Amino acid sequence: MRPPLTQPLLEQLRQICGAANVLTHDDPATDLSPWEQDWRKRVRGLALAVVRPGDTAQVAAVVKACAAANTPIVPQGGNTGLVVGGVPNGSGTQIVLSMTRMNTVRAIDPANLTITVEAGCVLQNLQTAAEQAGFLFPLSLGAEGSCTIGGNLGTNAGGTQVVRYGNTRELCLGLEVVTAQGEVWHGLSGLRKDNTGYDLRNLMIGSEGTLGIITAATMKLYPQPASQLTAWAAVPSMEAAVQLLGLAHHRLGPSLTGFEVMGQFALSLVDKHFPQLRVPLWRETPWCVLLENSDSESESHARGQFEALLEAALGQGCVTDAVVAENLTQAKGLWHIRESITMAQATEGLNIKHDISIPVSRIPDFVVETDALLAQNFPGVRLVDFGHLGDGNLHYNVQAPEGADGPTFLREFEDKVNTLVFDQVTKFDGSISAEHGVGELKVHKLPHYKDPTALAMMRAVKQALDPHNLLNPGRVLG
Ligand code: FAD
Ligand code: 2HG
Ligand code: ZN
């Protein structure tokens, strides 16, 4: 039974969004688990209701009604987040504000090189809309078939093209946001220059739904490359991978659009769980690298450049073997292998994820030293290392020892493993989250690893914008 006070709120929400768009547990036929459970199945929350607004005015009215009833709101997009940031807690008192009905492309401005979309637009649909208009929207990640641009902005998602185009923040020119008071900030300018005070757009991006609800965004478009080539290279060490990155920057310049590293154990999991993907070269080398060359001239120019780069790398010994995709299908196949590591790891069992960043130059020493410390302190753990080496961002993931039960391993060792890895990250001048965010999973770690003055400023901002802690409470700042 619901507490009697929540009934008037639910009635109000039905009036605002329509009864069909307010889902509750009162209807036994409705399964709320897609909104209550996070992607990794770390947490199963309990929502008071899942509310699905259809436009910005409805979002504003929902926020006003919730504020008046002192009911917290958890904004949610595609629910692909990896840090338990977009699902409700277990109290049954929070509403999930699902943005997926707000999914239209509002405008494309070819001369200004911008596209304006609603927050619930699925990333892949945004990429397609850009492509159909003759442009490239470069944000790309494994979850692109279901994550939304609102969630990408909420987490300041990175992905596989950051080395050339930057992360989501760098791709955004304007936002429309509903504040914690239910007011609408109309900030959808497509301006590349605007120095009229504090940068509220960049404050909202990466705030994980704790400062405002993003309802629409104006994003940058780019010309489509004339040719895109992908290569897969075996490298003898992480040091060699960093050497290859330097060479690729030097030889390809801005044409280098992807540089991903993958450790042997990570690839062995893809081979084990998805053998049909035919992972190349992984058996004979500790690391593989996936490189992408996007050329504005022609395919033959791109191929010539790529072959010269790989020849030089073979000559210097930082590459021991390599394959260049012959066509788009092969290139997509190589990318698919890379994007399948997350799923292969999940299939293997529950694991401890890290999305750390470290200055590229220090990554080889970090890996050697931290691998040894983990092996010494947690005998048998298996390291699933891969990630966006071009951005200094590693997914330095830790899988339970062979045969061990994942949930039991996590209960016993997750905090200790995190402490060891985050201490190492701090020693190497890195960040404990490069792209997935803080969410709930790292909230208790942030005070220890974030600069205290920065934390105090963050708390002051939260207090100023959301004084009643209505928006996604318990996330980022706890
Ligand atoms: P959700 O999971 O629904 O929400 C994420 C956060 O954003 C929550 O805190 C939520 O409250 C907030 N939020 C959602 N919508 C809004 C809104 N409209 N306004 C304000 N706040 C909002 N991340 C990367 O950075 N790089 C990767 O390469 C990458 N690869 C992935 C691969 C897989 C297979 C998976 C499952 C996830 C991956 N992720 C990656 C993690 C994830 O952060 C991204 O998928 C994506 O940015 C989340 O978008 P979403 O719509 O699913 O957001
Ligand atoms: C990726 O780069 C994502 O594929 C997910 O950020 C990383 O599964 C992970 O740990
Ligand atoms: Zn990533």
# chains A, B, ... in the order shown; residues from 1 in each chain; ligands from 1
call {"tool": "residues_around", "arguments": {"residues": "Gly390 of chain A", "least_positions_apart": "5", "cutoff": "12 Å", "atoms": "only C-alpha atoms", "output": "PDB file with all heavy atoms, in the first residue's frame"}}
result
ATOM      1  N   GLY A 158      32.485   9.478 -23.011  1.00  0.00           N
ATOM      2  CA  GLY A 158      33.680   9.570 -23.857  1.00  0.00           C
ATOM      3  C   GLY A 158      33.505   8.757 -25.131  1.00  0.00           C
ATOM      4  O   GLY A 158      33.055   9.247 -26.144  1.00  0.00           O
ATOM      5  N   GLY A 159      33.859   7.473 -25.062  1.00  0.00           N
ATOM      6  CA  GLY A 159      33.721   6.611 -26.233  1.00  0.00           C
ATOM      7  C   GLY A 159      34.995   6.544 -27.033  1.00  0.00           C
ATOM      8  O   GLY A 159      36.086   6.864 -26.541  1.00  0.00           O
ATOM      9  N   THR A 160      34.856   6.157 -28.298  1.00  0.00           N
ATOM     10  CA  THR A 160      36.034   5.739 -29.070  1.00  0.00           C
ATOM     11  C   THR A 160      36.577   6.786 -30.045  1.00  0.00           C
ATOM     12  O   THR A 160      37.512   6.493 -30.783  1.00  0.00           O
ATOM     13  CB  THR A 160      35.693   4.463 -29.860  1.00  0.00           C
ATOM     14  OG1 THR A 160      34.512   4.702 -30.614  1.00  0.00           O
ATOM     15  CG2 THR A 160      35.478   3.279 -28.941  1.00  0.00           C
ATOM     16  N   GLN A 161      36.006   7.987 -30.070  1.00  0.00           N
ATOM     17  CA  GLN A 161      36.490   8.995 -31.022  1.00  0.00           C
ATOM     18  C   GLN A 161      37.061  10.237 -30.315  1.00  0.00           C
ATOM     19  O   GLN A 161      37.301  11.271 -30.952  1.00  0.00           O
ATOM     20  CB  GLN A 161      35.335   9.446 -31.939  1.00  0.00           C
ATOM     21  CG  GLN A 161      34.668   8.301 -32.688  1.00  0.00           C
ATOM     22  CD  GLN A 161      35.424   7.907 -33.936  1.00  0.00           C
ATOM     23  OE1 GLN A 161      35.547   8.688 -34.868  1.00  0.00           O
ATOM     24  NE2 GLN A 161      35.962   6.703 -33.948  1.00  0.00           N
ATOM     25  N   VAL A 162      37.254  10.113 -29.006  1.00  0.00           N
ATOM     26  CA  VAL A 162      37.660  11.280 -28.207  1.00  0.00           C
ATOM     27  C   VAL A 162      39.024  11.814 -28.632  1.00  0.00           C
ATOM     28  O   VAL A 162      39.268  13.022 -28.604  1.00  0.00           O
ATOM     29  CB  VAL A 162      37.658  10.906 -26.706  1.00  0.00           C
ATOM     30  CG1 VAL A 162      38.180  12.043 -25.855  1.00  0.00           C
ATOM     31  CG2 VAL A 162      36.242  10.532 -26.265  1.00  0.00           C
ATOM     32  N   VAL A 163      39.902  10.898 -29.056  1.00  0.00           N
ATOM     33  CA  VAL A 163      41.264  11.313 -29.416  1.00  0.00           C
ATOM     34  C   VAL A 163      41.234  12.402 -30.492  1.00  0.00           C
ATOM     35  O   VAL A 163      42.110  13.273 -30.534  1.00  0.00           O
ATOM     36  CB  VAL A 163      42.093  10.071 -29.844  1.00  0.00           C
ATOM     37  CG1 VAL A 163      41.627   9.485 -31.149  1.00  0.00           C
ATOM     38  CG2 VAL A 163      43.573  10.378 -29.906  1.00  0.00           C
ATOM     39  N   ARG A 164      40.174  12.422 -31.328  1.00  0.00           N
ATOM     40  CA  ARG A 164      40.074  13.447 -32.375  1.00  0.00           C
ATOM     41  C   ARG A 164      39.019  14.518 -32.047  1.00  0.00           C
ATOM     42  O   ARG A 164      39.243  15.706 -32.243  1.00  0.00           O
ATOM     43  CB  ARG A 164      39.727  12.765 -33.708  1.00  0.00           C
ATOM     44  CG  ARG A 164      39.200  13.661 -34.807  1.00  0.00           C
ATOM     45  CD  ARG A 164      40.268  14.609 -35.370  1.00  0.00           C
ATOM     46  NE  ARG A 164      39.751  15.426 -36.442  1.00  0.00           N
ATOM     47  CZ  ARG A 164      39.153  16.605 -36.285  1.00  0.00           C
ATOM     48  NH1 ARG A 164      38.998  17.099 -35.075  1.00  0.00           N
ATOM     49  NH2 ARG A 164      38.706  17.293 -37.327  1.00  0.00           N
ATOM     50  N   TYR A 165      37.845  14.079 -31.540  1.00  0.00           N
ATOM     51  CA  TYR A 165      36.709  15.013 -31.430  1.00  0.00           C
ATOM     52  C   TYR A 165      36.393  15.449 -30.005  1.00  0.00           C
ATOM     53  O   TYR A 165      35.504  16.277 -29.798  1.00  0.00           O
ATOM     54  CB  TYR A 165      35.449  14.380 -32.050  1.00  0.00           C
ATOM     55  CG  TYR A 165      35.591  14.067 -33.523  1.00  0.00           C
ATOM     56  CD1 TYR A 165      35.867  12.778 -33.961  1.00  0.00           C
ATOM     57  CD2 TYR A 165      35.478  15.083 -34.480  1.00  0.00           C
ATOM     58  CE1 TYR A 165      36.010  12.490 -35.317  1.00  0.00           C
ATOM     59  CE2 TYR A 165      35.621  14.801 -35.830  1.00  0.00           C
ATOM     60  CZ  TYR A 165      35.888  13.504 -36.243  1.00  0.00           C
ATOM     61  OH  TYR A 165      36.022  13.226 -37.586  1.00  0.00           O
ATOM     62  N   GLY A 166      37.045  14.868 -29.011  1.00  0.00           N
ATOM     63  CA  GLY A 166      36.731  15.221 -27.625  1.00  0.00           C
ATOM     64  C   GLY A 166      35.530  14.440 -27.115  1.00  0.00           C
ATOM     65  O   GLY A 166      34.894  13.686 -27.849  1.00  0.00           O
ATOM     66  N   ALA A 241      52.820   0.193 -27.080  1.00  0.00           N
ATOM     67  CA  ALA A 241      51.539   0.784 -27.507  1.00  0.00           C
ATOM     68  C   ALA A 241      51.606   2.312 -27.419  1.00  0.00           C
ATOM     69  O   ALA A 241      51.113   3.029 -28.306  1.00  0.00           O
ATOM     70  CB  ALA A 241      50.400   0.239 -26.650  1.00  0.00           C
ATOM     71  N   VAL A 242      52.241   2.816 -26.364  1.00  0.00           N
ATOM     72  CA  VAL A 242      52.377   4.272 -26.209  1.00  0.00           C
ATOM     73  C   VAL A 242      53.310   4.830 -27.296  1.00  0.00           C
ATOM     74  O   VAL A 242      53.059   5.907 -27.864  1.00  0.00           O
ATOM     75  CB  VAL A 242      52.875   4.630 -24.782  1.00  0.00           C
ATOM     76  CG1 VAL A 242      53.254   6.103 -24.678  1.00  0.00           C
ATOM     77  CG2 VAL A 242      51.797   4.293 -23.747  1.00  0.00           C
ATOM     78  N   GLN A 243      54.352   4.072 -27.602  1.00  0.00           N
ATOM     79  CA  GLN A 243      55.267   4.496 -28.689  1.00  0.00           C
ATOM     80  C   GLN A 243      54.506   4.556 -30.020  1.00  0.00           C
ATOM     81  O   GLN A 243      54.651   5.507 -30.794  1.00  0.00           O
ATOM     82  CB  GLN A 243      56.407   3.481 -28.769  1.00  0.00           C
ATOM     83  CG  GLN A 243      57.605   3.954 -29.561  1.00  0.00           C
ATOM     84  CD  GLN A 243      58.653   2.837 -29.694  1.00  0.00           C
ATOM     85  OE1 GLN A 243      58.733   1.932 -28.853  1.00  0.00           O
ATOM     86  NE2 GLN A 243      59.460   2.916 -30.741  1.00  0.00           N
ATOM     87  N   LEU A 244      53.665   3.550 -30.260  1.00  0.00           N
ATOM     88  CA  LEU A 244      52.870   3.525 -31.498  1.00  0.00           C
ATOM     89  C   LEU A 244      51.901   4.716 -31.538  1.00  0.00           C
ATOM     90  O   LEU A 244      51.692   5.324 -32.599  1.00  0.00           O
ATOM     91  CB  LEU A 244      52.086   2.202 -31.580  1.00  0.00           C
ATOM     92  CG  LEU A 244      51.110   2.064 -32.746  1.00  0.00           C
ATOM     93  CD1 LEU A 244      51.842   2.129 -34.092  1.00  0.00           C
ATOM     94  CD2 LEU A 244      50.328   0.731 -32.648  1.00  0.00           C
ATOM     95  N   LEU A 245      51.340   5.067 -30.388  1.00  0.00           N
ATOM     96  CA  LEU A 245      50.428   6.218 -30.340  1.00  0.00           C
ATOM     97  C   LEU A 245      51.160   7.497 -30.762  1.00  0.00           C
ATOM     98  O   LEU A 245      50.635   8.300 -31.555  1.00  0.00           O
ATOM     99  CB  LEU A 245      49.857   6.367 -28.920  1.00  0.00           C
ATOM    100  CG  LEU A 245      48.994   7.603 -28.658  1.00  0.00           C
ATOM    101  CD1 LEU A 245      47.723   7.587 -29.511  1.00  0.00           C
ATOM    102  CD2 LEU A 245      48.609   7.692 -27.164  1.00  0.00           C
ATOM    103  N   GLY A 246      52.375   7.667 -30.257  1.00  0.00           N
ATOM    104  CA  GLY A 246      53.165   8.851 -30.616  1.00  0.00           C
ATOM    105  C   GLY A 246      53.413   8.904 -32.120  1.00  0.00           C
ATOM    106  O   GLY A 246      53.256   9.947 -32.774  1.00  0.00           O
ATOM    107  N   LEU A 247      53.751   7.740 -32.660  1.00  0.00           N
ATOM    108  CA  LEU A 247      54.025   7.636 -34.098  1.00  0.00           C
ATOM    109  C   LEU A 247      52.751   7.957 -34.902  1.00  0.00           C
ATOM    110  O   LEU A 247      52.795   8.667 -35.912  1.00  0.00           O
ATOM    111  CB  LEU A 247      54.468   6.187 -34.384  1.00  0.00           C
ATOM    112  CG  LEU A 247      55.432   5.910 -35.512  1.00  0.00           C
ATOM    113  CD1 LEU A 247      56.685   6.758 -35.414  1.00  0.00           C
ATOM    114  CD2 LEU A 247      55.819   4.413 -35.481  1.00  0.00           C
ATOM    115  N   ALA A 248      51.623   7.448 -34.427  1.00  0.00           N
ATOM    116  CA  ALA A 248      50.346   7.661 -35.132  1.00  0.00           C
ATOM    117  C   ALA A 248      49.950   9.136 -35.096  1.00  0.00           C
ATOM    118  O   ALA A 248      49.491   9.695 -36.097  1.00  0.00           O
ATOM    119  CB  ALA A 248      49.251   6.791 -34.514  1.00  0.00           C
ATOM    120  N   HIS A 249      50.150   9.786 -33.950  1.00  0.00           N
ATOM    121  CA  HIS A 249      49.865  11.226 -33.871  1.00  0.00           C
ATOM    122  C   HIS A 249      50.724  11.984 -34.878  1.00  0.00           C
ATOM    123  O   HIS A 249      50.257  12.858 -35.605  1.00  0.00           O
ATOM    124  CB  HIS A 249      50.198  11.763 -32.466  1.00  0.00           C
ATOM    125  CG  HIS A 249      49.090  11.615 -31.470  1.00  0.00           C
ATOM    126  ND1 HIS A 249      47.809  12.040 -31.713  1.00  0.00           N
ATOM    127  CD2 HIS A 249      49.076  11.109 -30.209  1.00  0.00           C
ATOM    128  CE1 HIS A 249      47.049  11.797 -30.651  1.00  0.00           C
ATOM    129  NE2 HIS A 249      47.790  11.219 -29.733  1.00  0.00           N
ATOM    130  N   LEU A 256      43.925  10.795 -37.171  1.00  0.00           N
ATOM    131  CA  LEU A 256      43.844   9.698 -36.185  1.00  0.00           C
ATOM    132  C   LEU A 256      42.567   9.879 -35.376  1.00  0.00           C
ATOM    133  O   LEU A 256      42.469  10.770 -34.528  1.00  0.00           O
ATOM    134  CB  LEU A 256      45.060   9.717 -35.250  1.00  0.00           C
ATOM    135  CG  LEU A 256      45.052   8.634 -34.155  1.00  0.00           C
ATOM    136  CD1 LEU A 256      45.229   7.241 -34.750  1.00  0.00           C
ATOM    137  CD2 LEU A 256      46.134   8.902 -33.107  1.00  0.00           C
ATOM    138  N   THR A 257      41.552   9.030 -35.631  1.00  0.00           N
ATOM    139  CA  THR A 257      40.260   9.203 -34.954  1.00  0.00           C
ATOM    140  C   THR A 257      39.975   8.114 -33.923  1.00  0.00           C
ATOM    141  O   THR A 257      38.985   8.210 -33.199  1.00  0.00           O
ATOM    142  CB  THR A 257      39.103   9.264 -35.976  1.00  0.00           C
ATOM    143  OG1 THR A 257      39.257   8.190 -36.912  1.00  0.00           O
ATOM    144  CG2 THR A 257      39.104  10.586 -36.722  1.00  0.00           C
ATOM    145  N   GLY A 258      40.808   7.081 -33.867  1.00  0.00           N
ATOM    146  CA  GLY A 258      40.594   6.061 -32.840  1.00  0.00           C
ATOM    147  C   GLY A 258      41.895   5.382 -32.485  1.00  0.00           C
ATOM    148  O   GLY A 258      42.720   5.105 -33.370  1.00  0.00           O
ATOM    149  N   PHE A 259      42.112   5.152 -31.187  1.00  0.00           N
ATOM    150  CA  PHE A 259      43.310   4.423 -30.763  1.00  0.00           C
ATOM    151  C   PHE A 259      42.966   3.678 -29.477  1.00  0.00           C
ATOM    152  O   PHE A 259      42.992   4.230 -28.388  1.00  0.00           O
ATOM    153  CB  PHE A 259      44.490   5.383 -30.529  1.00  0.00           C
ATOM    154  CG  PHE A 259      45.816   4.682 -30.455  1.00  0.00           C
ATOM    155  CD1 PHE A 259      46.657   4.633 -31.564  1.00  0.00           C
ATOM    156  CD2 PHE A 259      46.221   4.043 -29.280  1.00  0.00           C
ATOM    157  CE1 PHE A 259      47.886   3.967 -31.500  1.00  0.00           C
ATOM    158  CE2 PHE A 259      47.445   3.383 -29.215  1.00  0.00           C
ATOM    159  CZ  PHE A 259      48.280   3.346 -30.327  1.00  0.00           C
ATOM    160  N   GLU A 260      42.605   2.408 -29.634  1.00  0.00           N
ATOM    161  CA  GLU A 260      42.126   1.596 -28.514  1.00  0.00           C
ATOM    162  C   GLU A 260      43.128   0.498 -28.218  1.00  0.00           C
ATOM    163  O   GLU A 260      43.662  -0.132 -29.146  1.00  0.00           O
ATOM    164  CB  GLU A 260      40.780   0.951 -28.884  1.00  0.00           C
ATOM    165  CG  GLU A 260      39.675   1.935 -29.183  1.00  0.00           C
ATOM    166  CD  GLU A 260      39.113   2.591 -27.939  1.00  0.00           C
ATOM    167  OE1 GLU A 260      38.835   1.886 -26.964  1.00  0.00           O
ATOM    168  OE2 GLU A 260      38.964   3.836 -27.950  1.00  0.00           O
ATOM    169  N   VAL A 261      43.350   0.225 -26.939  1.00  0.00           N
ATOM    170  CA  VAL A 261      44.248  -0.869 -26.564  1.00  0.00           C
ATOM    171  C   VAL A 261      43.424  -1.988 -25.927  1.00  0.00           C
ATOM    172  O   VAL A 261      42.398  -1.728 -25.290  1.00  0.00           O
ATOM    173  CB  VAL A 261      45.355  -0.355 -25.600  1.00  0.00           C
ATOM    174  CG1 VAL A 261      44.807  -0.052 -24.214  1.00  0.00           C
ATOM    175  CG2 VAL A 261      46.495  -1.341 -25.499  1.00  0.00           C
ATOM    176  N   VAL A 289      46.205  -3.357 -30.525  1.00  0.00           N
ATOM    177  CA  VAL A 289      45.749  -1.967 -30.653  1.00  0.00           C
ATOM    178  C   VAL A 289      44.852  -1.863 -31.884  1.00  0.00           C
ATOM    179  O   VAL A 289      45.144  -2.460 -32.928  1.00  0.00           O
ATOM    180  CB  VAL A 289      46.958  -1.009 -30.786  1.00  0.00           C
ATOM    181  CG1 VAL A 289      46.517   0.373 -31.234  1.00  0.00           C
ATOM    182  CG2 VAL A 289      47.716  -0.905 -29.466  1.00  0.00           C
ATOM    183  N   LEU A 290      43.765  -1.127 -31.732  1.00  0.00           N
ATOM    184  CA  LEU A 290      42.876  -0.848 -32.864  1.00  0.00           C
ATOM    185  C   LEU A 290      43.067   0.625 -33.225  1.00  0.00           C
ATOM    186  O   LEU A 290      42.900   1.502 -32.365  1.00  0.00           O
ATOM    187  CB  LEU A 290      41.433  -1.114 -32.431  1.00  0.00           C
ATOM    188  CG  LEU A 290      40.336  -0.990 -33.476  1.00  0.00           C
ATOM    189  CD1 LEU A 290      40.544  -1.981 -34.604  1.00  0.00           C
ATOM    190  CD2 LEU A 290      38.980  -1.250 -32.839  1.00  0.00           C
ATOM    191  N   LEU A 291      43.442   0.873 -34.479  1.00  0.00           N
ATOM    192  CA  LEU A 291      43.663   2.261 -34.909  1.00  0.00           C
ATOM    193  C   LEU A 291      42.672   2.606 -36.012  1.00  0.00           C
ATOM    194  O   LEU A 291      42.376   1.771 -36.866  1.00  0.00           O
ATOM    195  CB  LEU A 291      45.049   2.459 -35.520  1.00  0.00           C
ATOM    196  CG  LEU A 291      46.292   2.117 -34.740  1.00  0.00           C
ATOM    197  CD1 LEU A 291      46.770   0.728 -35.080  1.00  0.00           C
ATOM    198  CD2 LEU A 291      47.379   3.126 -35.038  1.00  0.00           C
ATOM    199  N   GLU A 292      42.223   3.853 -36.010  1.00  0.00           N
ATOM    200  CA  GLU A 292      41.348   4.309 -37.097  1.00  0.00           C
ATOM    201  C   GLU A 292      41.919   5.588 -37.705  1.00  0.00           C
ATOM    202  O   GLU A 292      42.322   6.502 -36.981  1.00  0.00           O
ATOM    203  CB  GLU A 292      39.938   4.572 -36.562  1.00  0.00           C
ATOM    204  CG  GLU A 292      38.939   4.848 -37.682  1.00  0.00           C
ATOM    205  CD  GLU A 292      37.569   5.191 -37.127  1.00  0.00           C
ATOM    206  OE1 GLU A 292      37.427   6.308 -36.579  1.00  0.00           O
ATOM    207  OE2 GLU A 292      36.667   4.362 -37.233  1.00  0.00           O
ATOM    208  N   SER A 357      41.744   7.558 -15.623  1.00  0.00           N
ATOM    209  CA  SER A 357      42.622   8.226 -16.587  1.00  0.00           C
ATOM    210  C   SER A 357      43.929   8.596 -15.906  1.00  0.00           C
ATOM    211  O   SER A 357      43.966   8.916 -14.715  1.00  0.00           O
ATOM    212  CB  SER A 357      41.958   9.468 -17.197  1.00  0.00           C
ATOM    213  OG  SER A 357      41.579  10.367 -16.189  1.00  0.00           O
ATOM    214  N   ILE A 358      44.979   8.528 -16.713  1.00  0.00           N
ATOM    215  CA  ILE A 358      46.348   8.760 -16.239  1.00  0.00           C
ATOM    216  C   ILE A 358      47.090   9.410 -17.398  1.00  0.00           C
ATOM    217  O   ILE A 358      46.781   9.089 -18.560  1.00  0.00           O
ATOM    218  CB  ILE A 358      47.001   7.397 -15.880  1.00  0.00           C
ATOM    219  CG1 ILE A 358      46.337   6.847 -14.613  1.00  0.00           C
ATOM    220  CG2 ILE A 358      48.505   7.493 -15.670  1.00  0.00           C
ATOM    221  CD1 ILE A 358      46.758   5.492 -14.237  1.00  0.00           C
ATOM    222  N   PRO A 359      48.032  10.320 -17.146  1.00  0.00           N
ATOM    223  CA  PRO A 359      48.784  10.851 -18.287  1.00  0.00           C
ATOM    224  C   PRO A 359      49.360   9.685 -19.115  1.00  0.00           C
ATOM    225  O   PRO A 359      49.935   8.750 -18.546  1.00  0.00           O
ATOM    226  CB  PRO A 359      49.905  11.668 -17.628  1.00  0.00           C
ATOM    227  CG  PRO A 359      49.367  12.026 -16.275  1.00  0.00           C
ATOM    228  CD  PRO A 359      48.461  10.886 -15.866  1.00  0.00           C
ATOM    229  N   VAL A 360      49.169   9.772 -20.432  1.00  0.00           N
ATOM    230  CA  VAL A 360      49.535   8.654 -21.316  1.00  0.00           C
ATOM    231  C   VAL A 360      50.960   8.160 -21.038  1.00  0.00           C
ATOM    232  O   VAL A 360      51.224   6.954 -20.975  1.00  0.00           O
ATOM    233  CB  VAL A 360      49.400   9.084 -22.798  1.00  0.00           C
ATOM    234  CG1 VAL A 360      49.982   8.032 -23.720  1.00  0.00           C
ATOM    235  CG2 VAL A 360      47.940   9.338 -23.138  1.00  0.00           C
ATOM    236  N   SER A 361      51.869   9.116 -20.832  1.00  0.00           N
ATOM    237  CA  SER A 361      53.288   8.763 -20.659  1.00  0.00           C
ATOM    238  C   SER A 361      53.504   7.864 -19.443  1.00  0.00           C
ATOM    239  O   SER A 361      54.496   7.132 -19.367  1.00  0.00           O
ATOM    240  CB  SER A 361      54.098  10.051 -20.483  1.00  0.00           C
ATOM    241  OG  SER A 361      53.463  10.848 -19.485  1.00  0.00           O
ATOM    242  N   ILE A 363      51.232   5.596 -18.204  1.00  0.00           N
ATOM    243  CA  ILE A 363      50.402   4.393 -18.186  1.00  0.00           C
ATOM    244  C   ILE A 363      51.237   3.084 -18.135  1.00  0.00           C
ATOM    245  O   ILE A 363      50.921   2.182 -17.356  1.00  0.00           O
ATOM    246  CB  ILE A 363      49.389   4.409 -19.354  1.00  0.00           C
ATOM    247  CG1 ILE A 363      48.256   5.376 -18.982  1.00  0.00           C
ATOM    248  CG2 ILE A 363      48.830   3.018 -19.643  1.00  0.00           C
ATOM    249  CD1 ILE A 363      47.125   5.454 -19.982  1.00  0.00           C
TER     250      ILE A 363
END
call {"tool": "closest_atom_pairs", "arguments": {"of": "chain A", "to": "ligand 2", "cutoff": "7 Å", "atoms": "only C-alpha atoms and all ligand atoms", "output": "tab-separated table"}}
result
residue	atom	partner	partner_atom_place_in_ligand_line	distance
A:Leu141	CA	ligand 2	4 (O)	6.7
A:Gly142	CA	ligand 2	4 (O)	5.8
A:Gly159	CA	ligand 2	2 (O)	5.8
A:Glu339	CA	ligand 2	4 (O)	5.5
A:Ile341	CA	ligand 2	8 (O)	6.7
A:Thr342	CA	ligand 2	8 (O)	3.9
A:Lys353	CA	ligand 2	10 (O)	5.2
A:His354	CA	ligand 2	10 (O)	6.4
A:Asp355	CA	ligand 2	10 (O)	6.5
A:Gly387	CA	ligand 2	2 (O)	5.4
A:His388	CA	ligand 2	2 (O)	6.8
A:His395	CA	ligand 2	10 (O)	5.1
A:Asn397	CA	ligand 2	10 (O)	6.3
A:His436	CA	ligand 2	6 (O)	6.8
call {"tool": "closest_residue", "arguments": {"among": "A:Trp335, A:Phe135, A:Tyr222, A:Phe378", "to": "ligand 1", "atoms": "only C-alpha atoms and all ligand atoms"}}
result
A:Trp335
call {"tool": "atom_distance", "arguments": {"atom1": "atom CA of Ala119 of chain A", "atom2": "atom CA of Arg475 of chain A"}}
result
20.1 Å
call {"tool": "residues_around", "arguments": {"residues": "Met262 of chain A", "least_positions_apart": "2", "cutoff": "8 Å", "atoms": "only C-alpha atoms", "output": "PyMOL selection string"}}
result
chain A and resi 260+264+266-267+287-289+338+385-387
call {"tool": "closest_residue", "arguments": {"among": "A:Asn125, A:Asn167, A:Asn472, A:Asn21", "to": "ligand 3", "atoms": "only C-alpha atoms and all ligand atoms"}}
result
A:Asn167
call {"tool": "closest_residue", "arguments": {"among": "A:Glu239, A:Glu326, A:Asp271, A:Glu144", "to": "ligand 1", "atoms": "only C-alpha atoms and all ligand atoms"}}
result
A:Glu144
call {"tool": "residues_around", "arguments": {"residues": "Ile108 of chain A", "least_positions_apart": "2", "cutoff": "12 Å", "atoms": "only C-alpha atoms", "output": "count of residues only"}}
result
26
call {"tool": "atom_distance", "arguments": {"atom1": "atom CA of Gln276 of chain A", "atom2": "atom CA of Thr148 of chain A"}}
result
29.1 Å
call {"tool": "select_by_dssp", "arguments": {"residues": "segment 259-461 of chain A", "states": "strand (DSSP E or B)", "output": "PyMOL selection string"}}
result
chain A and resi 259-263+287-295+321-324+351-352+355-357+382-388+393-399+431+433
call {"tool": "closest_residue", "arguments": {"among": "A:Ser227, A:Gln305, A:Asn156, A:Asn351", "to": "ligand 3", "atoms": "only C-alpha atoms and all ligand atoms"}}
result
A:Asn156
call {"tool": "residues_around", "arguments": {"residues": "segment 301-303 of chain A", "least_positions_apart": "4", "cutoff": "10 Å", "atoms": "only C-alpha atoms", "output": "MDAnalysis selection string"}}
result
chainID A and resid 226:230 252 255 293:297 307:309 324 326
call {"tool": "residues_around", "arguments": {"residues": "Gln399 of chain A", "least_positions_apart": "4", "cutoff": "7 Å", "atoms": "only C-alpha atoms", "output": "list of chain:residue names"}}
result
A:Asn351, A:Ile352, A:Val381, A:Arg382, A:Leu383, A:Val384
call {"tool": "write_last_selection", "arguments": {"atoms": "C-alpha atoms", "output": "compact mmCIF listing (two decimals), in the first residue's frame"}}
result
# COMPACT_ATOMS: atom_id res chain seq x y z
CA ASN A 351 33.39 -7.83 -12.04
CA ILE A 352 34.94 -4.69 -10.62
CA VAL A 381 42.45 -12.16 -9.84
CA ARG A 382 42.19 -11.77 -13.60
CA LEU A 383 42.84 -8.37 -15.15
CA VAL A 384 40.60 -7.26 -18.00
call {"tool": "residues_around", "arguments": {"residues": "Ile73 of chain A", "least_positions_apart": "3", "cutoff": "7 Å", "atoms": "only C-alpha atoms", "output": "compact mmCIF listing (two decimals) with N, CA and C atoms, in the first residue's frame"}}
result
# COMPACT_ATOMS: atom_id res chain seq x y z
N GLN A 94 11.08 7.50 -4.66
CA GLN A 94 11.62 8.35 -5.73
C GLN A 94 10.89 8.06 -7.05
N ILE A 95 10.70 9.10 -7.84
CA ILE A 95 10.17 8.82 -9.17
C ILE A 95 11.32 8.77 -10.18
N VAL A 96 11.18 7.86 -11.14
CA VAL A 96 12.12 7.81 -12.26
C VAL A 96 11.52 8.67 -13.37
N LEU A 97 12.28 9.66 -13.81
CA LEU A 97 11.82 10.51 -14.92
C LEU A 97 12.47 9.98 -16.19
N LEU A 470 16.55 17.50 -4.39
CA LEU A 470 15.44 16.82 -5.06
C LEU A 470 15.93 15.97 -6.24
N LEU A 471 17.02 16.46 -6.88
CA LEU A 471 17.46 15.82 -8.13
C LEU A 471 18.55 14.79 -7.85
N ASN A 472 18.22 13.53 -8.15
CA ASN A 472 19.14 12.41 -8.02
C ASN A 472 19.94 12.42 -6.71
